[in-house]
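S.K.: Below is the structure I would like to discuss, written out as structure tokens.
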Amino acid sequence: MLITKLKSREAIESLLGGTCFILNCHGCKELSFPVAEAEALEAELAAAGKVTGILTTDYVCNPENLQLRLEAHKNEIEEADAVLVLSCGVGVQTVAECFPEKKVLAGCDTYRLPGTQGVTPLEVDCGQCGECYLNLTGGICPITACSKSLLNGQCGGAKNGKCEVDPEMDCGWERIYRRLEALGRLDLLKVPTQLRNYSTDDEVYKQNG
Amino acid sequence: MKVTELFRQGEFVVTAEVGPPKGCHLEGVVEEAKEYLSGLSAVNVTDCQSSVMRVGSLATCKALKDAGLNPIYQLTCRDRNRIALQSDLLSAAAFGIDNVLCLTGDHTKLGDHPGAKPVFDLDSVSLLAAIRALEEGHDLAGNELVGEAPSFAKGAVVSPCSDSVDAQLAKMERKVLAGAEFFQTQAVYDTEKFLAFMEKAKQFDRPVQLGIVLLKSAGMATYMNKAVAGIHVPDEMIAELKADKEKTKAGITGVEIAARIIRACKPYCQGVHIMAMGWESKIPQLLELAGL
């Protein structure tokens, strides 16, 4: 089970800059999605002339399904400066893999709830940490793609691009560096030092009873 | 004494590292450091190096300090969360230990307790940020400290010969932004790569100590090439180690190679950090050959 919550309006606006194509995932049954808040945000952005198109679908985490659905929106996506994804972290990462040279933004934070998880087995994983880092890392999750879940760059342990723990696994931060390089966003490596907040689960439990 | 003060005075800072024993007796490591390392600017003490459980870095630093040496407290994020790390930093300050080298640390799976929980609550960058917070008189959560704030010479590491040196430089910059005041490097065998790295690292305006690992044998070199991140021993050096077995066995070849690298790099860096890994007794000879 998981809960997605919209990031603050200020956070989303500061990420956006120009125009965007919006992708809503009403996804799996395990998901609690902020429908009303997302609709209000989208209406506001559309009124400001910032939206090139909106697609509301399910199972964004299924790459084949996603590609099919996006086919009809190709031009709208091309036209937009960014793709704003309102989904769990797996969905955002799947979209980022589809568009490695496009700005793909996470509009939500994903929180964990006890119980079963989604059903699509994938290479990408979401740690449901409650403070999505994907906007700082080119859509590759440092929590799940790095053996140490490091937030401030790679450790010195990678050899030939492979992780010190598992020689079969690519170094997550090496992948993040290459992705940011391709996106022209290496400046994101200079954001203030990131500290993980391990109490986010308490916050969401309190709010949801 | 803070090594940053020595850099400021223009000293070419020479340090070496010692590994605490797997046991509670510190006499051996202290005696060895007194015999071979007392002429150095400072002595690093490793923190459960390679994720192998040993006596603490902090206790060993205190014993070295009491014996008149200048310790650099190596602190990794593998085994302690932010509460324990900050607490240990205050303990270090209470003992008058004022040099800290901040590391993320090897993964627990690489060591002798592979089933242990890997902590990594902080990393090398946020550990530097934690020290800066303590120096400002509060902890990471913003709570005020009682009395005068501690003050450290804050060190960090970098890999000049890594296969992704651009990513290493980006991380180095992140460490500088978080407060790193000096750097010690991973072992260097390729002088040209090191000089190219130093050219790019100049922009950060922080002293850098060249890292040296003494080569004990051709086998060790081949192993490091295969398994150790950021290290590459060129084929010519491996051939040199193979050429005169007696010389290599006695440690002379490894010491000669290290001395040559130091001589070539000295004009371009601000110090040397020697990782002798049990060959501490060869350090005086190395320094003599390197002209230090």
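How things are named: the first chain in the structure tokens is A, the next is B, and so on; residues count from 1 in each chain; ligands count from 1 in the order shown.
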For a quick test of understanding: name the residues of chain B lying within 9 Å of chain A when counting only C-alpha atoms, and present them as a ChimeraX atom specification.

M.R.: /B:78,103-110,118-126,129,157-159,162-164,167-168,170-171,173-174,177-178,186,226-231

S.K.: So which residues touch A:Ala82 within 12 Å, counting only C-alpha atoms, skipping near sequence neighbours fewer than 5 positions away, as a PyMOL selection string?

M.R.: chain A and resi 12+15-23+50-53+76-77+95-96+99-107+135+183

S.K.: Would you mind writing down, as an MDAnalysis selection string, each residue of stretch 159-216 of chain B that DSSP on the backbone assigns to alpha helix (DSSP H)?

M.R.: chainID B and resid 165:177 191:201

S.K.: Name the residues in contact with B:Lys282 at a cut-off of 12 Å, using only C-alpha atoms, excluding same-chain residues fewer than 5 positions from it; report them as an NGL selection string.

M.R.: :B and (16 or 32 or 35-37 or 213-216 or 250-256 or 258-259 or 274-277 or 287-289)

S.K.: Extract, using only C-alpha atoms, all DNA, RNA and protein residues at most 9 Å from stretch 188-197 of chain B, discarding same-chain residues fewer than 2 positions from it, and format them as a list of chain:residue names.

M.R.: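 Returned residues: B:Ser159, B:Pro160, B:Cys161, B:Val165, B:Leu169, B:Thr185, B:Gln186, B:Glu199, B:Lys200, B:Ala201, B:Lys202, B:Leu210, B:Gly211, B:Ile212, B:Val213, B:Gly230, B:Ile231, B:His232, B:Val233, B:Pro234, B:Met237, B:Ile257, B:Ala258, B:Ile261, B:Ile262, B:Ala264, B:Cys265, B:Tyr268, B:Cys269.
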
S.K.: Return as a PyMOL selection string the full set of residues in stretch 28-197 of chain A whose backbone-based DSSP assignment is strand (DSSP E or B).

M.R.: chain A and resi 31-32+51-57+82-86+103-106+108-112+129+159+162+170

S.K.: Would you save the residues of that selection, restricted to N, CA, C and O atoms, as a tab-separated table (two decimals), in the first residue's frame?

M.R.:
```
chain	number	residue	atom	x	y	z
A	31	LEU	N	-3.18	2.14	-4.26
A	31	LEU	CA	-2.75	3.53	-4.22
A	31	LEU	C	-3.84	4.46	-3.72
A	31	LEU	O	-5.00	4.31	-4.07
A	32	SER	N	-3.42	5.45	-2.93
A	32	SER	CA	-4.34	6.52	-2.57
A	32	SER	C	-3.86	7.78	-3.26
A	32	SER	O	-2.77	8.27	-2.98
A	51	VAL	N	-0.18	24.50	-19.64
A	51	VAL	CA	-0.39	23.07	-19.87
A	51	VAL	C	-0.58	22.77	-21.35
A	51	VAL	O	-1.43	23.36	-22.00
A	52	THR	N	0.22	21.87	-21.90
A	52	THR	CA	0.08	21.50	-23.32
A	52	THR	C	-0.84	20.30	-23.48
A	52	THR	O	-1.36	20.06	-24.56
A	53	GLY	N	-1.07	19.55	-22.41
A	53	GLY	CA	-1.95	18.40	-22.49
A	53	GLY	C	-1.98	17.66	-21.17
A	53	GLY	O	-1.07	17.83	-20.34
A	54	ILE	N	-3.04	16.87	-20.97
A	54	ILE	CA	-3.16	16.08	-19.73
A	54	ILE	C	-3.57	14.66	-20.10
A	54	ILE	O	-4.44	14.47	-20.94
A	55	LEU	N	-2.91	13.69	-19.48
A	55	LEU	CA	-3.33	12.30	-19.67
A	55	LEU	C	-3.55	11.69	-18.29
A	55	LEU	O	-2.67	11.72	-17.44
A	56	THR	N	-4.74	11.18	-18.06
A	56	THR	CA	-5.00	10.45	-16.82
A	56	THR	C	-5.15	8.99	-17.19
A	56	THR	O	-5.99	8.64	-18.03
A	57	THR	N	-4.32	8.17	-16.58
A	57	THR	CA	-4.31	6.76	-16.97
A	57	THR	C	-4.04	5.90	-15.75
A	57	THR	O	-4.06	6.39	-14.61
A	82	ALA	N	8.45	20.39	-19.97
A	82	ALA	CA	8.64	19.32	-18.99
A	82	ALA	C	7.43	18.40	-18.96
A	82	ALA	O	6.35	18.79	-19.40
A	83	VAL	N	7.64	17.18	-18.44
A	83	VAL	CA	6.51	16.28	-18.17
A	83	VAL	C	6.36	16.23	-16.65
A	83	VAL	O	7.30	15.86	-15.94
A	84	LEU	N	5.19	16.66	-16.17
A	84	LEU	CA	4.93	16.64	-14.73
A	84	LEU	C	4.14	15.38	-14.41
A	84	LEU	O	3.04	15.19	-14.92
A	85	VAL	N	4.73	14.50	-13.60
A	85	VAL	CA	4.10	13.21	-13.33
A	85	VAL	C	3.53	13.21	-11.91
A	85	VAL	O	4.25	13.48	-10.95
A	86	LEU	N	2.24	12.93	-11.83
A	86	LEU	CA	1.61	12.80	-10.52
A	86	LEU	C	1.33	11.32	-10.29
A	86	LEU	O	0.33	10.78	-10.73
A	103	LYS	N	12.96	16.94	-19.37
A	103	LYS	CA	12.80	17.22	-17.94
A	103	LYS	C	11.53	16.51	-17.46
A	103	LYS	O	10.44	16.85	-17.88
A	104	VAL	N	11.71	15.51	-16.62
A	104	VAL	CA	10.57	14.77	-16.06
A	104	VAL	C	10.49	15.09	-14.58
A	104	VAL	O	11.45	14.91	-13.84
A	105	LEU	N	9.34	15.61	-14.13
A	105	LEU	CA	9.24	16.10	-12.76
A	105	LEU	C	8.29	15.25	-11.92
A	105	LEU	O	7.24	14.82	-12.39
A	106	ALA	N	8.68	15.04	-10.68
A	106	ALA	CA	7.81	14.35	-9.73
A	106	ALA	C	6.98	15.40	-9.00
A	106	ALA	O	7.54	16.25	-8.31
A	108	CYS	N	4.63	14.54	-6.80
A	108	CYS	CA	4.12	13.94	-5.56
A	108	CYS	C	5.26	13.40	-4.69
A	108	CYS	O	6.34	13.10	-5.18
A	109	ASP	N	4.97	13.22	-3.41
A	109	ASP	CA	5.81	12.42	-2.53
A	109	ASP	C	5.06	11.12	-2.28
A	109	ASP	O	3.84	11.11	-2.23
A	110	THR	N	5.81	10.04	-2.11
A	110	THR	CA	5.19	8.73	-1.92
A	110	THR	C	5.47	8.23	-0.52
A	110	THR	O	6.63	8.19	-0.10
A	111	TYR	N	4.42	7.87	0.18
A	111	TYR	CA	4.56	7.38	1.56
A	111	TYR	C	4.15	5.92	1.62
A	111	TYR	O	3.27	5.48	0.89
A	112	ARG	N	4.76	5.20	2.51
A	112	ARG	CA	4.47	3.78	2.65
A	112	ARG	C	3.28	3.54	3.58
A	112	ARG	O	3.11	4.23	4.58
A	129	CYS	N	9.69	6.93	0.57
A	129	CYS	CA	10.36	7.60	1.69
A	129	CYS	C	9.62	8.86	2.14
A	129	CYS	O	9.97	9.46	3.14
A	159	LYS	N	33.61	0.58	-9.05
A	159	LYS	CA	34.75	0.22	-9.91
A	159	LYS	C	34.19	-0.05	-11.30
A	159	LYS	O	33.27	-0.86	-11.45
A	162	LYS	N	30.52	-0.04	-11.59
A	162	LYS	CA	29.72	-1.04	-10.88
A	162	LYS	C	29.83	-0.83	-9.37
A	162	LYS	O	30.87	-0.40	-8.86
A	170	ASP	N	24.85	-1.53	-11.62
A	170	ASP	CA	25.46	-0.24	-11.96
A	170	ASP	C	25.43	0.66	-10.73
A	170	ASP	O	24.46	0.63	-9.96
```

S.K.: Find the residues around A:Gly27 up to 7 Å (only C-alpha atoms counted), leave out those fewer than 5 positions away in its own chain, and share them as a list of chain:residue names.

M.R.: A:Thr57, A:Asp58, A:Tyr59, A:Val60

S.K.: Just the selected residues (all heavy atoms), exported as a CSV table (one decimal), in the first residue's frame, please.

M.R.:
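Saved to again28.csv:
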```csv
chain,number,residue,atom,x,y,z
A,57,THR,N,-4.3,8.2,-16.6
A,57,THR,CA,-4.3,6.8,-17.0
A,57,THR,C,-4.0,5.9,-15.7
A,57,THR,O,-4.1,6.4,-14.6
A,57,THR,CB,-3.3,6.5,-18.1
A,57,THR,OG1,-3.3,5.2,-18.5
A,57,THR,CG2,-1.9,6.9,-17.6
A,58,ASP,N,-3.8,4.6,-16.0
A,58,ASP,CA,-3.4,3.8,-14.8
A,58,ASP,C,-2.1,3.0,-15.1
A,58,ASP,O,-1.7,3.0,-16.3
A,58,ASP,CB,-4.6,2.8,-14.5
A,58,ASP,CG,-4.9,1.9,-15.6
A,58,ASP,OD1,-4.2,2.0,-16.7
A,58,ASP,OD2,-5.9,1.2,-15.5
A,59,TYR,N,-1.5,2.4,-14.2
A,59,TYR,CA,-0.3,1.6,-14.3
A,59,TYR,C,0.7,2.3,-15.2
A,59,TYR,O,1.2,1.7,-16.2
A,59,TYR,CB,-0.7,0.2,-14.8
A,59,TYR,CG,-1.5,-0.6,-13.8
A,59,TYR,CD1,-2.9,-0.7,-13.9
A,59,TYR,CD2,-0.8,-1.1,-12.7
A,59,TYR,CE1,-3.6,-1.3,-13.0
A,59,TYR,CE2,-1.6,-1.8,-11.8
A,59,TYR,CZ,-2.9,-1.9,-11.9
A,59,TYR,OH,-3.6,-2.6,-10.9
A,60,VAL,N,1.1,3.5,-14.9
A,60,VAL,CA,2.2,4.2,-15.6
A,60,VAL,C,3.5,3.4,-15.4
A,60,VAL,O,4.4,3.5,-16.2
A,60,VAL,CB,2.4,5.6,-15.0
A,60,VAL,CG1,3.7,6.3,-15.4
A,60,VAL,CG2,1.2,6.5,-15.4
```

S.K.: Quick one: residues within 8 Å of stretch 39-42 of chain A, only C-alpha atoms, excluding same-chain residues fewer than 3 positions away - as a count of residues only?

M.R.: 7

S.K.: Using only C-alpha atoms for the distances, tell me which of B:Leu90, B:Leu40, B:Ala67, B:Cys24 is nearest to B:Leu6.

M.R.: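 Checking each of B:Leu90, B:Leu40, B:Ala67, B:Cys24 against B:Leu6, counting only C-alpha atoms, the winner is B:Leu40.
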